[in-house]
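Novice: Dropping in structure-v9.cif, which is mmCIF, C-alpha atoms; chains and numbers go by the auth columns:
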data_run
#
loop_
_atom_site.group_PDB
_atom_site.id
_atom_site.type_symbol
_atom_site.label_atom_id
_atom_site.label_comp_id
_atom_site.label_asym_id
_atom_site.label_seq_id
_atom_site.Cartn_x
_atom_site.Cartn_y
_atom_site.Cartn_z
_atom_site.B_iso_or_equiv
_atom_site.auth_seq_id
_atom_site.auth_asym_id
ATOM 1 C CA MET A 1 -17.973 191.168 39.644 0.00 1081 W
ATOM 2 C CA TYR A 2 -14.750 192.769 38.487 0.00 1082 W
ATOM 3 C CA ARG A 3 -13.999 196.445 37.983 0.00 1083 W
ATOM 4 C CA GLU A 4 -10.991 198.728 37.604 0.00 1084 W
ATOM 5 C CA ILE A 5 -10.700 202.214 39.075 0.00 1085 W
ATOM 6 C CA GLU A 6 -8.002 204.852 39.463 0.00 1086 W
ATOM 7 C CA VAL A 7 -7.795 206.393 42.927 0.00 1087 W
ATOM 8 C CA LYS A 8 -4.982 207.771 45.024 0.00 1088 W
ATOM 9 C CA ASP A 9 -6.690 206.950 48.339 0.00 1089 W
ATOM 10 C CA PHE A 10 -8.314 203.553 48.826 0.00 1090 W
ATOM 11 C CA LEU A 11 -9.826 204.477 52.203 0.00 1091 W
ATOM 12 C CA PRO A 12 -13.160 205.845 50.877 0.00 1092 W
ATOM 13 C CA VAL A 13 -13.576 202.675 48.788 0.00 1093 W
ATOM 14 C CA LEU A 14 -12.821 200.523 51.838 0.00 1094 W
ATOM 15 C CA LEU A 15 -15.095 202.491 54.164 0.00 1095 W
ATOM 16 C CA GLU A 16 -17.967 202.153 51.688 0.00 1096 W
ATOM 17 C CA GLN A 17 -17.643 198.375 52.024 0.00 1097 W
ATOM 18 C CA LEU A 18 -17.690 198.636 55.836 0.00 1098 W
ATOM 19 C CA LYS A 19 -20.583 201.111 55.950 0.00 1099 W
ATOM 20 C CA PHE A 20 -23.072 199.056 57.985 0.00 1100 W
ATOM 21 C CA SER A 21 -20.642 196.982 60.036 0.00 1101 W
ATOM 22 C CA GLU A 22 -21.320 197.044 63.761 0.00 1102 W
ATOM 23 C CA SER A 23 -18.202 195.069 64.677 0.00 1103 W
ATOM 24 C CA ILE A 24 -14.941 194.512 62.796 0.00 1104 W
ATOM 25 C CA LEU A 25 -12.002 192.175 63.264 0.00 1105 W
ATOM 26 C CA ASP A 26 -8.947 193.643 61.527 0.00 1106 W
ATOM 27 C CA ILE A 27 -6.378 190.875 60.962 0.00 1107 W
ATOM 28 C CA GLY A 28 -2.764 192.029 60.837 0.00 1108 W
ATOM 29 C CA SER A 29 -3.602 195.471 62.180 0.00 1109 W
ATOM 30 C CA GLY A 30 0.018 196.475 62.798 0.00 1110 W
ATOM 31 C CA THR A 31 0.032 199.796 64.641 0.00 1111 W
ATOM 32 C CA GLY A 32 -3.578 200.330 63.583 0.00 1112 W
ATOM 33 C CA THR A 33 -3.299 203.586 61.665 0.00 1113 W
ATOM 34 C CA LEU A 34 -6.655 202.989 59.921 0.00 1114 W
ATOM 35 C CA LEU A 35 -8.715 201.633 62.793 0.00 1115 W
ATOM 36 C CA GLU A 36 -10.048 204.942 64.101 0.00 1116 W
ATOM 37 C CA ARG A 37 -11.510 205.572 60.650 0.00 1117 W
ATOM 38 C CA TYR A 38 -13.732 202.481 60.915 0.00 1118 W
ATOM 39 C CA GLU A 39 -17.247 203.509 61.959 0.00 1119 W
ATOM 40 C CA ALA A 40 -18.108 200.307 63.854 0.00 1120 W
ATOM 41 C CA GLY A 41 -19.070 200.241 67.534 0.00 1121 W
ATOM 42 C CA VAL A 42 -16.422 197.593 68.281 0.00 1122 W
ATOM 43 C CA VAL A 43 -13.137 197.041 66.434 0.00 1123 W
ATOM 44 C CA LEU A 44 -10.560 194.395 67.311 0.00 1124 W
ATOM 45 C CA GLY A 45 -7.064 194.934 65.931 0.00 1125 W
ATOM 46 C CA LEU A 46 -5.343 191.526 65.855 0.00 1126 W
ATOM 47 C CA ASP A 47 -1.608 191.212 65.297 0.00 1127 W
ATOM 48 C CA ILE A 48 0.993 188.537 66.000 0.00 1128 W
ATOM 49 C CA HIS A 49 3.780 191.047 66.727 0.00 1129 W
ATOM 50 C CA ARG A 50 3.133 192.455 70.202 0.00 1130 W
ATOM 51 C CA PRO A 51 5.314 195.605 69.770 0.00 1131 W
ATOM 52 C CA TYR A 52 2.935 196.845 67.046 0.00 1132 W
ATOM 53 C CA LEU A 53 0.054 196.665 69.523 0.00 1133 W
ATOM 54 C CA LEU A 54 2.086 198.243 72.323 0.00 1134 W
ATOM 55 C CA HIS A 55 2.897 201.174 69.991 0.00 1135 W
ATOM 56 C CA ARG A 56 -0.562 201.399 68.455 0.00 1136 W
ATOM 57 C CA LYS A 57 -1.706 204.694 66.947 0.00 1137 W
ATOM 58 C CA TYR A 58 -5.315 204.508 68.131 0.00 1138 W
ATOM 59 C CA LYS A 59 -6.606 205.635 71.514 0.00 1139 W
ATOM 60 C CA ALA A 60 -10.374 205.167 71.180 0.00 1140 W
ATOM 61 C CA PRO A 61 -11.739 202.766 73.833 0.00 1141 W
ATOM 62 C CA HIS A 62 -13.897 200.834 71.346 0.00 1142 W
ATOM 63 C CA ILE A 63 -10.747 199.627 69.523 0.00 1143 W
ATOM 64 C CA ILE A 64 -9.311 196.626 71.313 0.00 1144 W
ATOM 65 C CA PRO A 65 -5.808 195.287 70.617 0.00 1145 W
ATOM 66 C CA VAL A 66 -5.545 191.485 70.429 0.00 1146 W
ATOM 67 C CA HIS A 67 -2.173 189.764 70.464 0.00 1147 W
ATOM 68 C CA ALA A 68 -2.673 186.469 68.608 0.00 1148 W
ATOM 69 C CA ASP A 69 -1.699 184.407 65.595 0.00 1149 W
ATOM 70 C CA ALA A 70 -4.264 184.932 62.816 0.00 1150 W
ATOM 71 C CA SER A 71 -4.154 181.242 61.925 0.00 1151 W
ATOM 72 C CA HIS A 72 -6.034 180.559 65.190 0.00 1152 W
ATOM 73 C CA ILE A 73 -8.981 182.918 64.650 0.00 1153 W
ATOM 74 C CA ASP A 74 -11.364 179.978 64.321 0.00 1154 W
ATOM 75 C CA LYS A 75 -10.384 178.900 67.859 0.00 1155 W
ATOM 76 C CA LEU A 76 -10.557 182.424 69.271 0.00 1156 W
ATOM 77 C CA PHE A 77 -13.916 183.476 67.815 0.00 1157 W
ATOM 78 C CA LEU A 78 -17.199 181.701 67.169 0.00 1158 W
ATOM 79 C CA PRO A 79 -18.868 181.627 63.746 0.00 1159 W
ATOM 80 C CA GLY A 80 -20.576 184.903 62.874 0.00 1160 W
ATOM 81 C CA THR A 81 -18.881 186.861 65.691 0.00 1161 W
ATOM 82 C CA PHE A 82 -18.065 189.984 63.654 0.00 1162 W
ATOM 83 C CA SER A 83 -20.074 191.930 61.106 0.00 1163 W
ATOM 84 C CA ALA A 84 -16.917 192.173 59.011 0.00 1164 W
ATOM 85 C CA VAL A 85 -13.395 190.783 58.939 0.00 1165 W
ATOM 86 C CA THR A 86 -10.719 192.848 57.196 0.00 1166 W
ATOM 87 C CA LEU A 87 -7.255 191.899 55.994 0.00 1167 W
ATOM 88 C CA ILE A 88 -5.679 195.198 54.958 0.00 1168 W
ATOM 89 C CA ASP A 89 -2.138 194.745 53.626 0.00 1169 W
ATOM 90 C CA SER A 90 -1.841 191.473 55.521 0.00 1170 W
ATOM 91 C CA LEU A 91 -2.820 188.523 53.286 0.00 1171 W
ATOM 92 C CA GLU A 92 0.451 188.765 51.330 0.00 1172 W
ATOM 93 C CA HIS A 93 2.316 188.011 54.582 0.00 1173 W
ATOM 94 C CA PHE A 94 1.057 184.408 54.384 0.00 1174 W
ATOM 95 C CA SER A 95 1.879 181.694 51.861 0.00 1175 W
ATOM 96 C CA MET A 96 -0.828 181.087 49.267 0.00 1176 W
ATOM 97 C CA SER A 97 -2.093 177.944 51.037 0.00 1177 W
ATOM 98 C CA GLU A 98 -2.024 179.654 54.459 0.00 1178 W
ATOM 99 C CA GLY A 99 -3.815 182.643 52.954 0.00 1179 W
ATOM 100 C CA MET A 100 -6.541 180.475 51.439 0.00 1180 W
ATOM 101 C CA GLU A 101 -7.073 178.785 54.809 0.00 1181 W
ATOM 102 C CA LEU A 102 -7.135 182.165 56.569 0.00 1182 W
ATOM 103 C CA LEU A 103 -9.789 183.417 54.141 0.00 1183 W
ATOM 104 C CA ARG A 104 -11.872 180.294 54.837 0.00 1184 W
ATOM 105 C CA LYS A 105 -11.659 180.938 58.586 0.00 1185 W
ATOM 106 C CA ALA A 106 -12.413 184.657 58.145 0.00 1186 W
ATOM 107 C CA GLU A 107 -15.539 183.748 56.179 0.00 1187 W
ATOM 108 C CA LEU A 108 -16.677 181.564 59.099 0.00 1188 W
ATOM 109 C CA ILE A 109 -16.333 184.218 61.778 0.00 1189 W
ATOM 110 C CA ALA A 110 -17.752 187.047 59.651 0.00 1190 W
ATOM 111 C CA ALA A 111 -21.515 187.472 59.842 0.00 1191 W
ATOM 112 C CA ASN A 112 -21.712 189.684 56.732 0.00 1192 W
ATOM 113 C CA ARG A 113 -18.509 190.437 54.899 0.00 1193 W
ATOM 114 C CA VAL A 114 -14.800 189.719 54.411 0.00 1194 W
ATOM 115 C CA ILE A 115 -12.657 192.462 52.850 0.00 1195 W
ATOM 116 C CA VAL A 116 -9.086 192.107 51.614 0.00 1196 W
ATOM 117 C CA PHE A 117 -6.713 194.815 50.387 0.00 1197 W
ATOM 118 C CA THR A 118 -3.449 193.523 48.907 0.00 1198 W
ATOM 119 C CA PRO A 119 -0.960 194.262 46.131 0.00 1199 W
ATOM 120 C CA ARG A 120 -1.743 192.687 42.766 0.00 1200 W
ATOM 121 C CA GLY A 121 0.838 190.019 42.030 0.00 1201 W
ATOM 122 C CA PHE A 122 3.971 189.385 44.019 0.00 1202 W
ATOM 123 C CA PHE A 123 5.443 192.498 45.640 0.00 1203 W
ATOM 124 C CA PRO A 124 8.807 191.444 47.133 0.00 1204 W
ATOM 125 C CA GLN A 125 9.384 192.700 50.657 0.00 1205 W
ATOM 126 C CA GLU A 126 11.681 191.365 53.351 0.00 1206 W
ATOM 127 C CA GLY A 127 14.257 192.426 55.898 0.00 1207 W
ATOM 128 C CA LYS A 128 12.627 195.779 56.626 0.00 1208 W
ATOM 129 C CA ASP A 129 10.180 196.939 59.284 0.00 1209 W
ATOM 130 C CA HIS A 130 9.087 200.474 58.406 0.00 1210 W
ATOM 131 C CA PHE A 131 7.650 200.827 61.928 0.00 1211 W
ATOM 132 C CA ASN A 132 11.168 200.175 63.333 0.00 1212 W
ATOM 133 C CA LEU A 133 9.712 197.735 65.884 0.00 1213 W
ATOM 134 C CA HIS A 134 11.759 194.628 64.984 0.00 1214 W
ATOM 135 C CA GLY A 135 8.966 192.957 63.040 0.00 1215 W
ATOM 136 C CA GLU A 136 11.056 192.239 59.946 0.00 1216 W
ATOM 137 C CA TYR A 137 10.037 188.577 59.836 0.00 1217 W
ATOM 138 C CA TYR A 138 6.347 189.477 59.957 0.00 1218 W
ATOM 139 C CA GLN A 139 6.723 192.109 57.223 0.00 1219 W
ATOM 140 C CA LYS A 140 8.036 189.607 54.657 0.00 1220 W
ATOM 141 C CA HIS A 141 5.744 188.910 51.709 0.00 1221 W
ATOM 142 C CA TRP A 142 5.169 185.224 51.033 0.00 1222 W
ATOM 143 C CA SER A 143 2.491 185.359 48.323 0.00 1223 W
ATOM 144 C CA GLY A 144 1.127 187.396 45.460 0.00 1224 W
ATOM 145 C CA TRP A 145 -2.573 187.541 44.622 0.00 1225 W
ATOM 146 C CA GLU A 146 -4.393 188.062 41.332 0.00 1226 W
ATOM 147 C CA PRO A 147 -8.053 188.939 40.733 0.00 1227 W
ATOM 148 C CA GLU A 148 -8.761 185.360 39.612 0.00 1228 W
ATOM 149 C CA ASP A 149 -7.682 184.021 43.021 0.00 1229 W
ATOM 150 C CA PHE A 150 -10.529 185.948 44.641 0.00 1230 W
ATOM 151 C CA LEU A 151 -13.089 185.653 41.852 0.00 1231 W
ATOM 152 C CA LYS A 152 -12.999 181.850 42.020 0.00 1232 W
ATOM 153 C CA LEU A 153 -13.766 182.102 45.767 0.00 1233 W
ATOM 154 C CA GLY A 154 -16.842 184.264 45.160 0.00 1234 W
ATOM 155 C CA TYR A 155 -15.313 187.669 45.941 0.00 1235 W
ATOM 156 C CA THR A 156 -16.007 190.833 43.991 0.00 1236 W
ATOM 157 C CA VAL A 157 -12.749 192.453 42.928 0.00 1237 W
ATOM 158 C CA THR A 158 -11.860 196.091 42.449 0.00 1238 W
ATOM 159 C CA VAL A 159 -8.476 196.711 40.845 0.00 1239 W
ATOM 160 C CA LEU A 160 -6.938 200.005 41.945 0.00 1240 W
ATOM 161 C CA LYS A 161 -4.850 200.817 38.867 0.00 1241 W
ATOM 162 C CA GLY A 162 -1.294 202.010 39.531 0.00 1242 W
ATOM 163 C CA PHE A 163 -1.894 202.317 43.272 0.00 1243 W
ATOM 164 C CA HIS A 164 1.628 201.273 44.346 0.00 1244 W
ATOM 165 C CA HIS A 165 4.378 203.566 43.064 0.00 1245 W
ATOM 166 C CA ALA A 166 7.814 205.017 43.841 0.00 1246 W
ATOM 167 C CA GLU A 167 6.475 207.342 46.567 0.00 1247 W
ATOM 168 C CA ASN A 168 5.975 204.202 48.705 0.00 1248 W
ATOM 169 C CA PRO A 169 9.281 203.282 50.464 0.00 1249 W
ATOM 170 C CA SER A 170 8.569 199.542 50.152 0.00 1250 W
ATOM 171 C CA PHE A 171 7.866 199.898 46.422 0.00 1251 W
ATOM 172 C CA LEU A 172 11.006 201.974 45.915 0.00 1252 W
ATOM 173 C CA GLU A 173 13.120 199.390 47.733 0.00 1253 W
ATOM 174 C CA ALA A 174 11.613 196.445 45.827 0.00 1254 W
ATOM 175 C CA PHE A 175 11.405 197.874 42.314 0.00 1255 W
ATOM 176 C CA GLY A 176 13.448 201.074 42.104 0.00 1256 W
ATOM 177 C CA GLU A 177 12.530 204.614 41.168 0.00 1257 W
ATOM 178 C CA ASN A 178 11.820 204.053 37.480 0.00 1258 W
ATOM 179 C CA HIS A 179 9.563 200.989 37.718 0.00 1259 W
ATOM 180 C CA ALA A 180 6.005 201.322 36.441 0.00 1260 W
ATOM 181 C CA PRO A 181 3.337 201.542 39.162 0.00 1261 W
ATOM 182 C CA LEU A 182 1.629 198.337 40.294 0.00 1262 W
ATOM 183 C CA ASP A 183 -2.049 197.710 40.909 0.00 1263 W
ATOM 184 C CA ALA A 184 -3.687 196.880 44.213 0.00 1264 W
ATOM 185 C CA LEU A 185 -6.722 194.682 44.807 0.00 1265 W
ATOM 186 C CA LEU A 186 -9.736 195.258 47.010 0.00 1266 W
ATOM 187 C CA ALA A 187 -11.649 191.984 47.253 0.00 1267 W
ATOM 188 C CA CYS A 188 -14.987 191.732 49.080 0.00 1268 W
ATOM 189 C CA LYS A 189 -17.227 188.786 49.818 0.00 1269 W
ATOM 190 C CA THR A 190 -20.672 188.781 51.363 0.00 1270 W
ATOM 191 C CA VAL A 191 -21.006 185.638 53.469 0.00 1271 W
#
What's the C-alpha cells form of this structure?

Specialist:
Amino acid sequence: MYREIEVKDFLPVLLEQLKFSESILDIGSGTGTLLERYEAGVVLGLDIHRPYLLHRKYKAPHIIPVHADASHIDKLFLPGTFSAVTLIDSLEHFSMSEGMELLRKAELIAANRVIVFTPRGFFPQEGKDHFNLHGEYYQKHWSGWEPEDFLKLGYTVTVLKGFHHAENPSFLEAFGENHAPLDALLACKTV
C-alpha cells in the first residue's frame, strides 16, 4: 500500500502504528525526545553514541537506555523479543546495504511490526551534531530511501508531502532557505 498525506506533525501518524505495542525497541534513539510519547509498557532506546544516552530527555523508569551498535541487534535480542522495532530518523545513517541488513534483523526481533521514518531521497548531512554532544560522525547521512525501496520489501509506505523544509536547521544547512520542501517516508511492515 502507498499513500500520500500532508501533515506538519508525524507523531500522531507514528503513534497510530504503535497503538497496540507492549514493548518497543527504538534504534538510534539519540537523546530520546519521542520515547515518553510511546504508550508501551517497556521501551528500549538503543544508540551507539553513549553521550546521547547520558543526556537523554526521558526520565520514565519503563524507558531503558541501551548503549550498543545497531548492527548487533540480532546478537543482543532473540527473535520476536519486541512488539515493535522503530527506526525514527536513523536508517539514513547507514549505507543502503547496511540499512537493508538492519531492516532484516529488525524484522526478526519484532513480533508484530517494524516502523521506519526517514527523509525521502538523499538528504545530505555531515559535520554537525545539533545535540552538541560530539556525535558528528554518527549524524552523517549515508543513504537515501525511496518508497520503492520499502514497497519491494513488503512495507506499506506513507509519504509525508513537504515535511522537511527551511525551518529545520539540517534542511537549511543542506539545501538553503529557498529550496523546495522535501518529503518524508513512514514505512511500516507487519511481520

Novice: Using only C-alpha atoms, find the one residue out of W:Gly1125, W:Ser1109, W:Glu1187, W:Leu1266 that sits nearest to Leu1231 of chain W.

Specialist: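 The shortest atom-to-atom distance to Leu1231 of chain W comes from W:Leu1266.
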
Novice: Which one is closest to Glu1226 of chain W: W:Thr1198, W:Asn1248, W:Gln1097, W:Asn1212? Count all atoms listed in the file.

Specialist: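 Among W:Thr1198, W:Asn1248, W:Gln1097, W:Asn1212, it is W:Thr1198 that comes nearest to Glu1226 of chain W.
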
Novice: May I ask which of the residues W:Arg1083, W:His1152, W:Arg1136, W:Lys1088 is the closest one to Ile1107 of chain W, counting all atoms listed in the file?

Specialist: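 Answer, going by the shortest atom-to-atom distance: W:His1152.
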
Novice: Report the distance between atom CA of Gly1108 of chain W and atom CA of Val1093 of chain W in Å, rounded to one decimal place.

Specialist: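 Computing it gives 19.4 Å between the two atoms.
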
Novice: Selected by the PyMOL selection byres ((chain W and resi 1158) around 12) in the shown coordinates: which residues, as a ChimeraX atom specification?

Specialist: /W:1152-1157,1159-1162,1185-1191

Novice: Residues as selected, C-alpha atoms, written as an mmCIF file, keeping the file's coordinate frame, can you do that?

Specialist:
data_model
loop_
_atom_site.group_PDB
_atom_site.id
_atom_site.type_symbol
_atom_site.label_atom_id
_atom_site.label_comp_id
_atom_site.auth_asym_id
_atom_site.auth_seq_id
_atom_site.Cartn_x
_atom_site.Cartn_y
_atom_site.Cartn_z
ATOM 1 C CA HIS W 1152 -6.034 180.559 65.190
ATOM 2 C CA ILE W 1153 -8.981 182.918 64.650
ATOM 3 C CA ASP W 1154 -11.364 179.978 64.321
ATOM 4 C CA LYS W 1155 -10.384 178.900 67.859
ATOM 5 C CA LEU W 1156 -10.557 182.424 69.271
ATOM 6 C CA PHE W 1157 -13.916 183.476 67.815
ATOM 7 C CA PRO W 1159 -18.868 181.627 63.746
ATOM 8 C CA GLY W 1160 -20.576 184.903 62.874
ATOM 9 C CA THR W 1161 -18.881 186.861 65.691
ATOM 10 C CA PHE W 1162 -18.065 189.984 63.654
ATOM 11 C CA LYS W 1185 -11.659 180.938 58.586
ATOM 12 C CA ALA W 1186 -12.413 184.657 58.145
ATOM 13 C CA GLU W 1187 -15.539 183.748 56.179
ATOM 14 C CA LEU W 1188 -16.677 181.564 59.099
ATOM 15 C CA ILE W 1189 -16.333 184.218 61.778
ATOM 16 C CA ALA W 1190 -17.752 187.047 59.651
ATOM 17 C CA ALA W 1191 -21.515 187.472 59.842
#

Novice: Step by step, work through what the PyMOL selection byres ((chain W and resi 1260) around 8) selects in the shown file, and finish by giving those residues as a PyMOL selection string.

Specialist: chain W and resi 1242+1245+1258-1259+1261-1262

Novice: Excluding same-chain residues fewer than 3 positions from Glu1102 of chain W, what lies within 9 Å of it counting all atoms listed in the file, as a CSV table (one decimal) with C-alpha atoms, in the frame of the given file?

Specialist:
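So the final result, stored in out.csv, reads:
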chain,number,residue,atom,x,y,z
W,1098,LEU,CA,-17.7,198.6,55.8
W,1099,LYS,CA,-20.6,201.1,56.0
W,1119,GLU,CA,-17.2,203.5,62.0
W,1120,ALA,CA,-18.1,200.3,63.9
W,1121,GLY,CA,-19.1,200.2,67.5
W,1122,VAL,CA,-16.4,197.6,68.3
W,1123,VAL,CA,-13.1,197.0,66.4
W,1162,PHE,CA,-18.1,190.0,63.7
W,1163,SER,CA,-20.1,191.9,61.1
W,1164,ALA,CA,-16.9,192.2,59.0

Novice: When you count all atoms listed in the file, which of these residues is closest to Thr1270 of chain W: W:Val1194, W:Ala1150, W:Leu1233, W:Ile1144?

Specialist: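 Going through W:Val1194, W:Ala1150, W:Leu1233, W:Ile1144 one by one, the smallest distance to Thr1270 of chain W is for W:Val1194.
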
Novice: So that I can see what lies close to Arg1130 of chain W, please list as a count of residues only the residues with an atom at most 10 Å from it, counting all atoms listed in the file and leaving out residues fewer than 2 positions away in the same chain.

Specialist: 16

Novice: Which residue out of W:Leu1182, W:Asp1209, W:Phe1090, W:Ile1143 has the minimum interatomic distance to His1244 of chain W when only C-alpha atoms are used?

Specialist: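 Among the listed residues, W:Phe1090 lies closest to His1244 of chain W.
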
Novice: Excluding Glu1096 of chain W and residues on its chain fewer than 4 positions from it, collect all residues at most 12 Å away from it, counting all atoms listed in the file, and give them as a PyMOL selection string.

Specialist: chain W and resi 1090-1092+1100-1101+1117-1119+1195+1266+1268

Novice: Please, could you write that set of residues out with C-alpha atoms as a PDB file, in the frame of the given file?

Specialist:
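Dumped to part37.pdb:
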ATOM      1  CA  PHE W1090      -8.314 203.553  48.826  1.00  0.00           C
ATOM      2  CA  LEU W1091      -9.826 204.477  52.203  1.00  0.00           C
ATOM      3  CA  PRO W1092     -13.160 205.845  50.877  1.00  0.00           C
ATOM      4  CA  PHE W1100     -23.072 199.056  57.985  1.00  0.00           C
ATOM      5  CA  SER W1101     -20.642 196.982  60.036  1.00  0.00           C
ATOM      6  CA  ARG W1117     -11.510 205.572  60.650  1.00  0.00           C
ATOM      7  CA  TYR W1118     -13.732 202.481  60.915  1.00  0.00           C
ATOM      8  CA  GLU W1119     -17.247 203.509  61.959  1.00  0.00           C
ATOM      9  CA  ILE W1195     -12.657 192.462  52.850  1.00  0.00           C
ATOM     10  CA  LEU W1266      -9.736 195.258  47.010  1.00  0.00           C
ATOM     11  CA  CYS W1268     -14.987 191.732  49.080  1.00  0.00           C
TER      12      CYS W1268
END

Novice: Check what the PyMOL selection byres ((chain W and resi 1196) around 6) selects in the file above and give those residues as a VMD selection string.

Specialist: chain W and resid 1166 to 1168 1195 1197 1266 to 1267

Novice: Kindly give the distance, in Å, that separates atom CA of Phe1203 of chain W and atom CA of Glu1181 of chain W, rounded to a single decimal.

Specialist: 20.7 Å

Novice: Considering only C-alpha atoms, can you say which of W:Leu1115, W:Val1271, W:Leu1265, W:Phe1211 comes closest to Thr1238 of chain W?

Specialist: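 Nearest to Thr1238 of chain W: W:Leu1265.
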
Novice: Could you get me a file of segment 1228-1246 of chain W with N, CA and C atoms, as a CSV table (one decimal), in the first residue's frame, taken from the block above?

Specialist:
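For reference, decode26.csv as written:
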chain,number,residue,atom,x,y,z
W,1228,GLU,N,9.8,2.9,-3.2
W,1228,GLU,CA,10.0,1.6,-3.9
W,1228,GLU,C,11.0,0.7,-3.1
W,1229,ASP,N,12.0,1.3,-2.4
W,1229,ASP,CA,12.9,0.5,-1.6
W,1229,ASP,C,12.1,-0.3,-0.5
W,1230,PHE,N,11.1,0.4,0.1
W,1230,PHE,CA,10.3,-0.3,1.1
W,1230,PHE,C,9.2,-1.2,0.5
W,1231,LEU,N,8.6,-0.7,-0.5
W,1231,LEU,CA,7.5,-1.5,-1.1
W,1231,LEU,C,7.9,-2.8,-1.6
W,1232,LYS,N,9.1,-2.9,-2.1
W,1232,LYS,CA,9.6,-4.2,-2.6
W,1232,LYS,C,10.0,-5.2,-1.4
W,1233,LEU,N,10.1,-4.6,-0.2
W,1233,LEU,CA,10.3,-5.4,1.0
W,1233,LEU,C,9.1,-5.8,1.7
W,1234,GLY,N,7.9,-5.3,1.2
W,1234,GLY,CA,6.6,-5.7,1.8
W,1234,GLY,C,6.1,-4.7,2.8
W,1235,TYR,N,6.7,-3.5,2.8
W,1235,TYR,CA,6.3,-2.4,3.7
W,1235,TYR,C,5.1,-1.6,3.1
W,1236,THR,N,4.3,-1.1,3.9
W,1236,THR,CA,3.3,0.0,3.4
W,1236,THR,C,4.0,1.3,3.6
W,1237,VAL,N,3.8,2.2,2.7
W,1237,VAL,CA,4.5,3.5,2.7
W,1237,VAL,C,3.5,4.6,2.7
W,1238,THR,N,3.8,5.5,3.7
W,1238,THR,CA,3.1,6.8,3.7
W,1238,THR,C,4.1,7.9,3.4
W,1239,VAL,N,3.8,8.7,2.4
W,1239,VAL,CA,4.7,9.8,2.0
W,1239,VAL,C,4.1,11.0,2.7
W,1240,LEU,N,4.9,11.7,3.5
W,1240,LEU,CA,4.5,12.9,4.2
W,1240,LEU,C,5.0,14.1,3.3
W,1241,LYS,N,4.1,14.6,2.5
W,1241,LYS,CA,4.5,15.6,1.5
W,1241,LYS,C,5.0,16.9,2.1
W,1242,GLY,N,6.2,17.3,1.6
W,1242,GLY,CA,6.8,18.6,2.0
W,1242,GLY,C,7.1,18.7,3.5
W,1243,PHE,N,7.4,17.5,4.1
W,1243,PHE,CA,7.6,17.5,5.6
W,1243,PHE,C,8.9,18.3,6.0
W,1244,HIS,N,10.0,18.1,5.2
W,1244,HIS,CA,11.2,18.7,5.6
W,1244,HIS,C,11.3,20.1,4.8
W,1245,HIS,N,11.6,21.1,5.6
W,1245,HIS,CA,11.6,22.5,5.0
W,1245,HIS,C,12.6,23.4,5.7
W,1246,ALA,N,12.7,24.6,5.3
W,1246,ALA,CA,13.7,25.5,5.8
W,1246,ALA,C,13.6,25.9,7.3
